[in-house]
$ cat coords-v3.txt   # compact mmCIF, C-alpha atoms and all ligand atoms
# COMPACT_ATOMS: atom_id res chain seq x y z
CA MET A 24 -30.20 155.72 256.20
CA ALA A 25 -26.73 154.66 257.24
CA ASP A 26 -25.24 156.52 260.17
CA HIS A 27 -21.99 158.25 259.30
CA ARG A 28 -21.58 160.20 262.50
CA ALA A 29 -18.61 158.19 263.77
CA GLU A 30 -16.54 158.85 260.64
CA LEU A 31 -17.47 162.54 260.58
CA GLN A 32 -16.61 162.98 264.26
CA TRP A 33 -13.29 161.28 263.63
CA ILE A 34 -12.53 163.96 261.01
CA GLU A 35 -13.21 166.67 263.59
CA SER A 36 -10.74 164.98 265.96
CA GLN A 37 -8.00 165.09 263.31
CA ALA A 38 -8.26 168.82 262.61
CA PRO A 39 -5.47 170.00 264.97
CA ALA A 40 -3.03 167.47 263.51
CA MET A 41 -3.96 168.60 259.98
CA ARG A 42 -3.35 172.25 260.89
CA ASP A 43 0.17 171.25 262.03
CA GLU A 44 0.70 169.23 258.86
CA LEU A 45 -0.40 172.20 256.75
CA LEU A 46 2.21 174.42 258.44
CA GLN A 47 4.87 171.86 257.51
CA LEU A 48 3.71 171.47 253.91
CA ALA A 49 3.36 175.21 253.28
CA GLN A 50 6.83 175.90 254.56
CA ILE A 51 8.37 173.63 251.95
CA ASN A 52 8.84 175.88 248.93
CA SER A 53 7.35 174.10 245.94
CA GLY A 54 7.30 176.72 243.22
CA SER A 55 6.61 174.91 239.93
CA PHE A 56 10.27 175.13 238.88
CA ASN A 57 11.65 174.08 242.25
CA ALA A 58 11.72 170.38 241.39
CA ALA A 59 13.48 169.43 244.63
CA GLY A 60 10.83 171.29 246.65
CA VAL A 61 7.96 169.64 244.78
CA ASP A 62 9.61 166.25 245.36
CA ALA A 63 9.94 167.04 249.07
CA VAL A 64 6.18 167.70 249.21
CA ALA A 65 5.61 164.37 247.42
CA GLU A 66 7.76 162.64 250.05
CA ARG A 67 5.59 163.98 252.88
CA LEU A 68 2.37 163.10 251.05
CA GLU A 69 3.58 159.59 250.36
CA ALA A 70 4.26 159.12 254.09
CA LEU A 71 0.77 160.42 254.87
CA PHE A 72 -1.26 158.50 252.25
CA VAL A 73 0.50 155.14 251.92
CA PRO A 74 -0.63 154.00 255.40
CA LEU A 75 -4.21 154.13 254.05
CA GLY A 76 -3.24 150.98 252.15
CA ALA A 77 -2.69 152.39 248.65
CA CYS A 78 0.09 151.54 246.22
CA ALA A 79 2.24 154.57 245.42
CA GLU A 80 4.35 155.39 242.39
CA ARG A 81 6.41 158.42 241.41
CA ILE A 82 6.07 159.28 237.75
CA ALA A 83 8.45 161.57 235.88
CA VAL A 84 6.76 164.20 233.67
CA GLU A 85 8.05 165.92 230.54
CA PRO A 86 10.13 169.04 231.18
CA PHE A 87 8.45 172.42 230.78
CA ARG A 88 9.22 174.09 227.44
CA SER A 89 9.10 177.83 227.05
CA THR A 90 10.51 180.54 224.82
CA ALA A 91 13.54 182.38 226.21
CA ASP A 92 14.06 186.10 225.58
CA ASP A 93 16.54 185.26 222.79
CA GLY A 94 13.79 183.29 221.01
CA SER A 95 15.34 179.90 221.74
CA LEU A 96 13.37 177.04 223.21
CA ARG A 97 14.16 176.50 226.87
CA GLU A 98 13.52 173.27 228.81
CA ARG A 99 13.14 173.24 232.57
CA PRO A 100 12.92 170.02 234.61
CA LEU A 101 9.92 169.50 236.90
CA GLY A 102 9.31 167.46 240.03
CA SER A 103 7.68 164.04 239.64
CA ALA A 104 4.00 163.30 239.99
CA LEU A 105 2.90 160.99 242.81
CA ARG A 106 0.08 158.56 242.08
CA LEU A 107 -1.70 156.27 244.55
CA ARG A 108 -4.24 153.62 243.71
CA MET A 109 -6.56 151.66 245.96
CA ARG A 110 -8.99 148.91 244.93
CA PRO A 111 -8.71 149.62 241.19
CA GLN A 112 -11.32 146.88 240.47
CA ALA A 113 -14.02 148.33 242.73
CA PRO A 114 -17.46 148.91 241.13
CA LEU A 115 -17.27 152.70 241.63
CA ARG A 116 -13.91 154.33 240.96
CA ILE A 117 -13.23 157.92 242.00
CA PHE A 118 -10.31 160.06 240.94
CA PHE A 119 -8.84 162.59 243.39
CA CYS A 120 -6.45 165.27 242.24
CA GLY A 121 -4.46 168.09 243.79
CA HIS A 122 -1.33 169.88 242.72
CA MET A 123 1.84 170.11 244.78
CA ASP A 124 3.32 173.15 243.06
CA THR A 125 2.69 176.79 243.94
CA VAL A 126 3.20 180.07 242.08
CA TYR A 127 5.88 181.16 244.57
CA ALA A 128 9.42 180.57 243.30
CA ALA A 129 12.29 179.43 245.51
CA ASP A 130 13.58 183.04 245.65
CA SER A 131 10.18 184.60 246.41
CA PRO A 132 10.14 186.64 249.65
CA PHE A 133 6.88 184.86 250.56
CA GLN A 134 7.92 181.65 252.33
CA ALA A 135 6.49 181.68 255.87
CA VAL A 136 3.10 180.91 257.38
CA ARG A 137 1.51 183.13 260.03
CA ALA A 138 -1.84 183.33 261.79
CA LEU A 139 -3.98 186.30 260.73
CA ASP A 140 -6.60 185.69 263.43
CA GLU A 141 -8.12 182.76 265.33
CA ASP A 142 -9.23 180.98 262.19
CA ARG A 143 -7.15 182.24 259.29
CA LEU A 144 -3.63 181.41 258.17
CA ASN A 145 -1.63 183.42 255.65
CA GLY A 146 1.11 181.59 253.78
CA PRO A 147 2.33 180.34 250.41
CA GLY A 148 -0.01 177.69 249.07
CA VAL A 149 -2.06 177.34 252.28
CA ALA A 150 -5.24 177.55 250.16
CA ASP A 151 -3.89 176.80 246.68
CA LEU A 152 -3.59 173.95 247.16
CA LYS A 153 -1.83 172.48 250.18
CA GLY A 154 -4.87 172.80 252.46
CA GLY A 155 -6.81 170.80 249.88
CA LEU A 156 -4.28 167.96 249.98
CA LEU A 157 -5.15 167.47 253.65
CA VAL A 158 -8.89 167.74 253.00
CA MET A 159 -8.38 164.86 250.60
CA TRP A 160 -6.55 162.84 253.27
CA LEU A 161 -9.32 163.44 255.81
CA ALA A 162 -12.03 162.32 253.38
CA LEU A 163 -10.18 159.20 252.20
CA SER A 164 -9.22 158.26 255.76
CA ALA A 165 -12.87 158.52 256.78
CA LEU A 166 -13.87 156.30 253.86
CA GLU A 167 -11.28 153.71 254.86
CA ARG A 168 -12.83 153.63 258.36
CA SER A 169 -16.24 152.80 256.89
CA PRO A 170 -17.56 149.20 256.71
CA HIS A 171 -18.76 149.99 253.15
CA ARG A 172 -15.36 151.08 251.77
CA GLU A 173 -15.02 148.05 249.47
CA ARG A 174 -17.54 149.50 247.04
CA ILE A 175 -15.25 152.41 246.22
CA GLY A 176 -11.88 152.29 244.55
CA TRP A 177 -9.79 155.44 244.42
CA GLU A 178 -6.91 156.91 242.52
CA VAL A 179 -5.05 159.98 243.74
CA LEU A 180 -2.82 162.11 241.55
CA PHE A 181 -0.58 164.75 243.09
CA ASN A 182 0.73 166.66 240.10
CA PRO A 183 3.79 168.92 239.98
CA ASP A 184 2.78 171.48 237.34
CA GLU A 185 -0.83 172.69 237.61
CA GLU A 186 0.24 176.31 238.04
CA ILE A 187 2.03 176.18 234.70
CA ASP A 188 -0.83 174.55 232.75
CA SER A 189 -0.35 170.84 233.63
CA ARG A 190 1.21 170.14 230.24
CA GLY A 191 3.53 167.57 231.87
CA SER A 192 0.78 165.86 233.83
CA ALA A 193 -1.87 166.10 231.09
CA PRO A 194 -1.31 162.46 229.96
CA LEU A 195 -1.78 161.27 233.57
CA LEU A 196 -5.03 163.23 233.86
CA ALA A 197 -6.26 161.72 230.59
CA GLN A 198 -5.43 158.19 231.77
CA ALA A 199 -7.24 158.76 235.04
CA ALA A 200 -10.30 160.17 233.24
CA GLY A 201 -10.50 156.97 231.20
CA ARG A 202 -10.63 154.53 234.10
CA ASN A 203 -12.60 156.38 236.79
CA HIS A 204 -16.28 157.28 237.09
CA LEU A 205 -16.06 160.59 238.93
CA GLY A 206 -13.46 163.25 239.60
CA LEU A 207 -12.92 165.29 242.76
CA ILE A 208 -10.33 168.05 242.68
CA TYR A 209 -9.12 170.02 245.66
CA GLU A 210 -8.56 173.57 244.41
CA PRO A 211 -9.70 176.08 247.06
CA ALA A 212 -13.37 177.00 247.36
CA TYR A 213 -14.19 180.68 246.81
CA ALA A 214 -13.62 183.02 249.76
CA ASP A 215 -17.35 182.83 250.57
CA GLY A 216 -17.21 179.03 250.60
CA ASN A 217 -19.02 178.52 247.30
CA LEU A 218 -17.96 176.19 244.48
CA ALA A 219 -17.25 176.52 240.75
CA SER A 220 -19.64 175.44 238.01
CA SER A 221 -18.44 176.20 234.45
CA ARG A 222 -14.87 177.27 233.76
CA LYS A 223 -13.36 179.05 230.80
CA GLY A 224 -10.74 177.36 228.64
CA SER A 225 -7.24 178.73 228.29
CA GLY A 226 -4.28 178.82 225.94
CA ASN A 227 -0.82 180.36 226.04
CA PHE A 228 0.91 181.48 222.87
CA ASP A 229 4.37 182.82 222.01
CA LEU A 230 5.13 184.78 218.86
CA ILE A 231 8.78 185.07 217.90
CA VAL A 232 9.05 187.99 215.50
CA LYS A 233 12.27 188.29 213.51
CA GLY A 234 13.43 191.20 211.37
CA ARG A 235 16.90 192.35 210.36
CA ALA A 236 19.50 194.31 212.33
CA ALA A 237 21.07 197.48 210.89
CA HIS A 238 22.77 200.67 212.06
CA ALA A 239 20.10 203.10 213.22
CA GLY A 240 21.93 206.08 211.71
CA ARG A 241 24.03 204.81 208.84
CA ASN A 242 21.64 202.42 207.03
CA PRO A 243 18.27 202.20 208.85
CA GLU A 244 16.59 201.46 205.51
CA ASP A 245 18.31 198.05 205.48
CA GLY A 246 16.87 197.19 208.90
CA ARG A 247 13.58 195.41 209.59
CA ASN A 248 12.36 196.49 213.00
CA ALA A 249 11.07 193.43 214.86
CA ILE A 250 9.69 195.51 217.74
CA ALA A 251 7.58 197.63 215.39
CA ALA A 252 6.19 194.51 213.69
CA ALA A 253 5.49 192.85 217.05
CA ALA A 254 3.76 196.03 218.23
CA GLU A 255 1.36 195.75 215.29
CA LEU A 256 0.61 192.18 216.30
CA VAL A 257 0.10 193.16 219.96
CA THR A 258 -2.33 195.90 218.98
CA ALA A 259 -4.23 193.78 216.47
CA LEU A 260 -4.55 190.83 218.85
CA ASN A 261 -5.62 193.07 221.72
CA ALA A 262 -8.30 194.47 219.43
CA LEU A 263 -9.86 190.97 219.21
CA ASN A 264 -11.22 191.58 222.71
CA GLY A 265 -14.94 192.19 222.42
CA GLN A 266 -15.19 190.74 218.91
CA ARG A 267 -16.40 187.34 220.02
CA GLU A 268 -18.69 186.70 222.98
CA GLY A 269 -16.90 184.92 225.80
CA LEU A 270 -13.40 185.14 224.34
CA THR A 271 -10.76 187.39 225.89
CA LEU A 272 -7.11 187.84 225.07
CA ASN A 273 -4.37 189.27 227.25
CA PRO A 274 -1.01 190.39 225.81
CA GLY A 275 1.15 189.59 228.84
CA TYR A 276 4.84 189.69 227.93
CA VAL A 277 7.01 191.51 225.39
CA ARG A 278 10.81 191.46 225.19
CA GLY A 279 13.06 192.77 222.45
CA GLY A 280 15.74 195.16 221.45
CA GLY A 281 18.84 196.44 223.21
CA ALA A 282 21.16 199.23 222.15
CA LEU A 283 19.18 202.15 220.79
CA ASN A 284 21.45 202.60 217.76
CA ILE A 285 20.58 199.15 216.42
CA VAL A 286 17.41 198.33 214.49
CA PRO A 287 16.18 195.37 216.60
CA ASP A 288 16.01 192.02 214.78
CA LEU A 289 14.06 190.09 217.42
CA CYS A 290 10.98 190.55 219.59
CA VAL A 291 9.28 187.88 221.69
CA PHE A 292 5.61 188.44 222.48
CA LYS A 293 3.46 186.17 224.67
CA PHE A 294 -0.27 186.23 225.31
CA ASN A 295 -3.03 184.29 227.04
CA VAL A 296 -6.45 183.53 225.57
CA ARG A 297 -9.62 182.53 227.50
CA THR A 298 -12.41 180.71 225.70
CA SER A 299 -16.03 179.82 226.49
CA GLN A 300 -16.69 177.18 223.84
CA ALA A 301 -14.66 174.75 221.77
CA ALA A 302 -15.28 176.68 218.52
CA ASP A 303 -13.47 179.70 219.98
CA GLU A 304 -10.19 177.87 219.45
CA CYS A 305 -10.62 177.62 215.65
CA TRP A 306 -11.77 181.22 215.47
CA LEU A 307 -8.68 182.44 217.31
CA HIS A 308 -6.36 180.35 215.14
CA GLU A 309 -7.90 181.83 211.99
CA GLN A 310 -7.43 185.38 213.23
CA LEU A 311 -3.88 184.61 214.28
CA ASP A 312 -3.07 183.08 210.89
CA GLN A 313 -4.25 186.17 209.04
CA LEU A 314 -2.35 188.55 211.27
CA MET A 315 0.86 186.52 211.03
CA LYS A 316 0.58 186.32 207.24
CA ARG A 317 0.22 190.07 207.03
CA VAL A 318 3.60 190.55 208.73
CA GLN A 319 5.29 187.64 206.97
CA ALA A 320 4.25 188.96 203.55
CA ARG A 321 6.66 191.84 204.01
CA ASP A 322 10.25 191.53 202.88
CA GLY A 323 12.67 190.51 205.64
CA TYR A 324 10.21 189.52 208.35
CA SER A 325 9.30 186.16 209.85
CA VAL A 326 6.94 185.16 212.64
CA GLU A 327 7.04 181.84 214.45
CA LEU A 328 4.15 180.63 216.63
CA ARG A 329 4.63 178.38 219.65
CA GLY A 330 2.25 177.12 222.30
CA GLY A 331 -1.48 176.61 221.98
CA PHE A 332 -4.62 175.83 223.91
CA THR A 333 -3.89 173.77 227.01
CA ARG A 334 -7.30 173.58 228.67
CA PRO A 335 -10.66 173.42 226.85
CA PRO A 336 -13.64 175.16 228.48
CA LYS A 337 -15.55 173.14 231.08
CA ALA A 338 -19.31 173.24 230.61
CA PHE A 339 -21.74 172.81 233.52
CA ASP A 340 -23.71 170.13 231.67
CA GLU A 341 -26.36 167.70 232.93
CA ARG A 342 -23.85 165.29 234.50
CA HIS A 343 -21.98 168.08 236.23
CA GLN A 344 -25.27 169.49 237.52
CA ARG A 345 -26.21 166.07 238.90
CA LEU A 346 -22.88 165.76 240.72
CA ALA A 347 -23.21 169.33 242.02
CA ALA A 348 -26.70 168.51 243.33
CA MET A 349 -25.32 165.49 245.21
CA ILE A 350 -22.63 167.63 246.80
CA GLY A 351 -25.15 170.37 247.55
CA ASP A 352 -27.26 167.79 249.45
CA CYS A 353 -24.23 166.61 251.42
CA GLY A 354 -23.52 170.26 252.24
CA ARG A 355 -27.04 170.82 253.55
CA ALA A 356 -26.72 167.77 255.80
CA LEU A 357 -23.66 169.53 257.28
CA ASP A 358 -25.40 172.94 257.51
CA LEU A 359 -23.53 174.30 254.51
CA ASP A 360 -25.47 176.18 251.86
CA LEU A 361 -23.29 175.78 248.76
CA GLN A 362 -23.85 177.66 245.51
CA PHE A 363 -22.18 176.74 242.22
CA LYS A 364 -20.95 179.74 240.21
CA PRO A 365 -19.12 180.09 236.89
CA THR A 366 -15.52 181.32 236.76
CA GLY A 367 -13.05 182.55 234.14
CA GLY A 368 -10.28 180.62 235.91
CA CYS A 369 -9.36 177.13 234.79
CA CYS A 370 -7.75 174.11 236.39
CA ASP A 371 -7.29 170.36 235.99
CA GLY A 372 -11.09 170.01 236.13
CA ASN A 373 -11.10 171.37 232.56
CA ASN A 374 -8.76 168.58 231.43
CA LEU A 375 -10.88 165.87 233.09
CA ALA A 376 -14.13 167.23 231.63
CA ALA A 377 -12.52 167.34 228.18
CA HIS A 378 -11.81 163.60 228.56
CA GLY A 379 -15.39 162.89 229.62
CA LEU A 380 -14.94 162.68 233.40
CA ALA A 381 -17.56 164.63 235.38
CA ASN A 382 -15.90 166.41 238.26
CA VAL A 383 -16.20 169.07 240.91
CA ASP A 384 -12.91 170.85 241.15
CA ASN A 385 -12.74 173.14 244.14
CA LEU A 386 -13.50 170.88 247.07
CA GLY A 387 -10.44 172.08 248.99
CA VAL A 388 -10.26 174.58 251.85
CA VAL A 389 -12.02 177.92 251.96
CA GLY A 390 -9.54 180.69 251.19
CA GLY A 391 -8.79 183.73 249.11
CA GLU A 392 -6.33 186.17 247.55
CA ILE A 393 -4.50 183.22 246.05
CA HIS A 394 -1.49 183.90 243.80
CA SER A 395 -0.59 186.87 246.02
CA GLU A 396 1.34 187.33 249.26
CA ARG A 397 -2.01 187.86 250.97
CA GLU A 398 -3.12 184.26 250.30
CA TRP A 399 -5.15 182.97 253.23
CA MET A 400 -7.22 179.95 254.27
CA ARG A 401 -9.68 179.10 257.03
CA VAL A 402 -8.35 176.45 259.42
CA SER A 403 -11.92 175.45 260.34
CA SER A 404 -12.52 174.58 256.68
CA LEU A 405 -10.07 171.65 256.87
CA ALA A 406 -12.59 169.62 258.89
CA GLU A 407 -15.63 171.27 257.28
CA ARG A 408 -14.58 170.38 253.73
CA GLY A 409 -13.13 167.04 254.84
CA LYS A 410 -16.59 166.12 256.09
CA LEU A 411 -18.22 167.37 252.89
CA SER A 412 -16.13 165.07 250.69
CA ALA A 413 -16.30 162.25 253.22
CA LEU A 414 -20.09 162.37 253.37
CA LEU A 415 -20.28 162.12 249.57
CA LEU A 416 -17.95 159.09 249.64
CA LEU A 417 -19.77 157.45 252.57
CA ARG A 418 -23.16 157.90 250.91
CA LEU A 419 -21.87 156.48 247.64
CA ALA A 420 -20.24 153.57 249.47
CA SER A 421 -23.35 152.71 251.50
CA GLY A 422 -25.59 152.93 248.42
CA GLU A 423 -27.63 155.94 249.63
CA LEU A 424 -26.36 157.71 246.55
CA SER A 425 -25.50 156.17 243.23
CA TRP A 426 -23.58 157.38 240.22
CA SER A 427 -23.65 155.92 236.77
ZN ZN B 501 -4.41 175.70 242.33

$ encode --input "coords-v3.txt" --output "structure tokens" --more "lines below"
Ligand SMILES: [Zn+2]
Amino acid sequence: MADHRAELQWIESQAPAMRDELLQLAQINSGSFNAAGVDAVAERLEALFVPLGACAERIAVEPFRSTADDGSLRERPLGSALRLRMRPQAPLRIFFCGHMDTVYAADSPFQAVRALDEDRLNGPGVADLKGGLLVMWLALSALERSPHRERIGWEVLFNPDEEIDSRGSAPLLAQAAGRNHLGLIYEPAYADGNLASSRKGSGNFDLIVKGRAAHAGRNPEDGRNAIAAAAELVTALNALNGQREGLTLNPGYVRGGGALNIVPDLCVFKFNVRTSQAADECWLHEQLDQLMKRVQARDGYSVELRGGFTRPPKAFDERHQRLAAMIGDCGRALDLDLQFKPTGGCCDGNNLAAHGLANVDNLGVVGGEIHSEREWMRVSSLAERGKLSALLLLRLASGELSWS
């Protein structure tokens, strides 16, 4: 058995500096649509990771396309991805991923970090996912201090758009899945410290329902009420809940109409779908087709569909169970009893699994109440989770563990 104590103790010694770095990172607003803020985070990460010896590149991603309230297609620019690669020819190649964006926009009132108690910080992105970026740095730094590092090559992707489905960075995730053997993603662990096993898939859809405007009093019979037609679609789609095991659908956004004396000619309706198996996607599309046809068959109405499934479900298959067992063993060596539990949430781990790369995707800090102003993380988990990932890397590098 190789002795990894020196590297693990070194991680412990770095914890105070990482707490300070986390305060800095979390106070840079990097809402997904704040491209300058996301780029500022990339700048700091580049300064932190390049000294490990990796080559860095900034990669522009496609703008984010969404449907505006007037039904038009809107494009919003995003920050660039930052990719680092080290020893790309090594026998075992591991992909590390963490997103730089948060759900808090530049004008959100939630911008500052504060201590809740001795161990917990509250702040935007402290858990999701800025703490995880530093866990990643601790683990990779520990690997680079090991005499066995040459066995492992690594690729890091810091993406700018995970919170809005990673459509821009999806091609980069697919590339990485194709040339690495394992994936480690730094989403936060659950509040109790446990990790995710299977994840549901997800899709976002927009329906643009068009009718015909008319005077509500003088000639309402000439009008085609787009809100009324959209309401039928909302109700019918909502009624799909419970019709297929493991599939849920959430109508989440409706906009239409204006002056009350006008028959409205436009209504935009958006919804999210969660799936448990690949076949759910076809099923949903069939239902959607039928419902759209029913409205379109009527005189004066049209329905346009945009969007689609962005993340397939992630199954906890044999390879994922084997990786989880390896991480569970590393946890036990560090006095951590880690359970793997399924979740309805999804993340970039879904994308990697869909491209055949086994991964564990919430190796970041321990935290909770993410996507709310109560978001918190445990400072002690920076070193704790840094050591967990480091031990996995050190054992793989020294040959105590193998992956094929
Ligand atoms: Zn996240």

$ closest_residue --input "coords-v3.txt" --among "A:Ala254, A:Ala413, A:Ala135, A:Leu156" --to "ligand ZN 501 (chain B)" --atoms "only C-alpha atoms and all ligand atoms"
A:Leu156

$ residues_near_ligand --input "coords-v3.txt" --ligand "ligand ZN 501 (chain B)" --cutoff "6 Å" --atoms "all atoms listed in the file" --output "number ranges by chain"
A: 151-152, 210

$ residues_around --input "coords-v3.txt" --residues "A:Leu68" --least-positions-apart "5" --cutoff "12 Å" --atoms "all atoms listed in the file" --output "list in words"
Glu44, Leu45, Gln47, Leu48, Val61, Asp62, Ala63, Val73, Pro74, Leu75, Ala79, Glu80, Arg81, Ala104, Leu105, Arg106, Leu107, Gly121, His122, Met123, Lys153, Leu156, Leu157, Met159, Trp160, Val179, Leu180, Phe181 and Asn182 of chain A

$ residues_around --input "coords-v3.txt" --residues "stretch 82-89 of chain A" --least-positions-apart "6" --cutoff "6 Å" --atoms "only C-alpha atoms" --output "MDAnalysis selection string"
chainID A and resid 96:101 103:104 191

$ atom_distance --input "coords-v3.txt" --atom1 "atom CA of A:Glu327" --atom2 "atom CA of A:Glu185"
26.1 Å

$ closest_atom_pairs --input "coords-v3.txt" --of "stretch 141-256 of chain A" --to "stretch 348-363 of chain A" --cutoff "7 Å" --atoms "all atoms listed in the file" --output "tab-separated table"
residue	atom	partner	partner_atom	distance
A:Asn217	CA	A:Gln362	CA	5.2
A:Leu218	CA	A:Phe363	CA	4.8
A:Ala219	CA	A:Phe363	CA	5.1
A:Ser220	CA	A:Phe363	CA	5.1

$ residues_around --input "coords-v3.txt" --residues "A:His27" --least-positions-apart "3" --cutoff "10 Å" --atoms "all atoms listed in the file" --output "list in words"
Met24, Glu30, Leu31, Gln32, Ala165, Leu166, Ser169, Ala413, Leu414, Leu417, Arg418 and Ser421 of chain A

$ closest_residue --input "coords-v3.txt" --among "A:Asp371, A:Asn264, A:Gln112, A:Asn284" --to "A:Arg241" --atoms "all atoms listed in the file"
A:Asn284
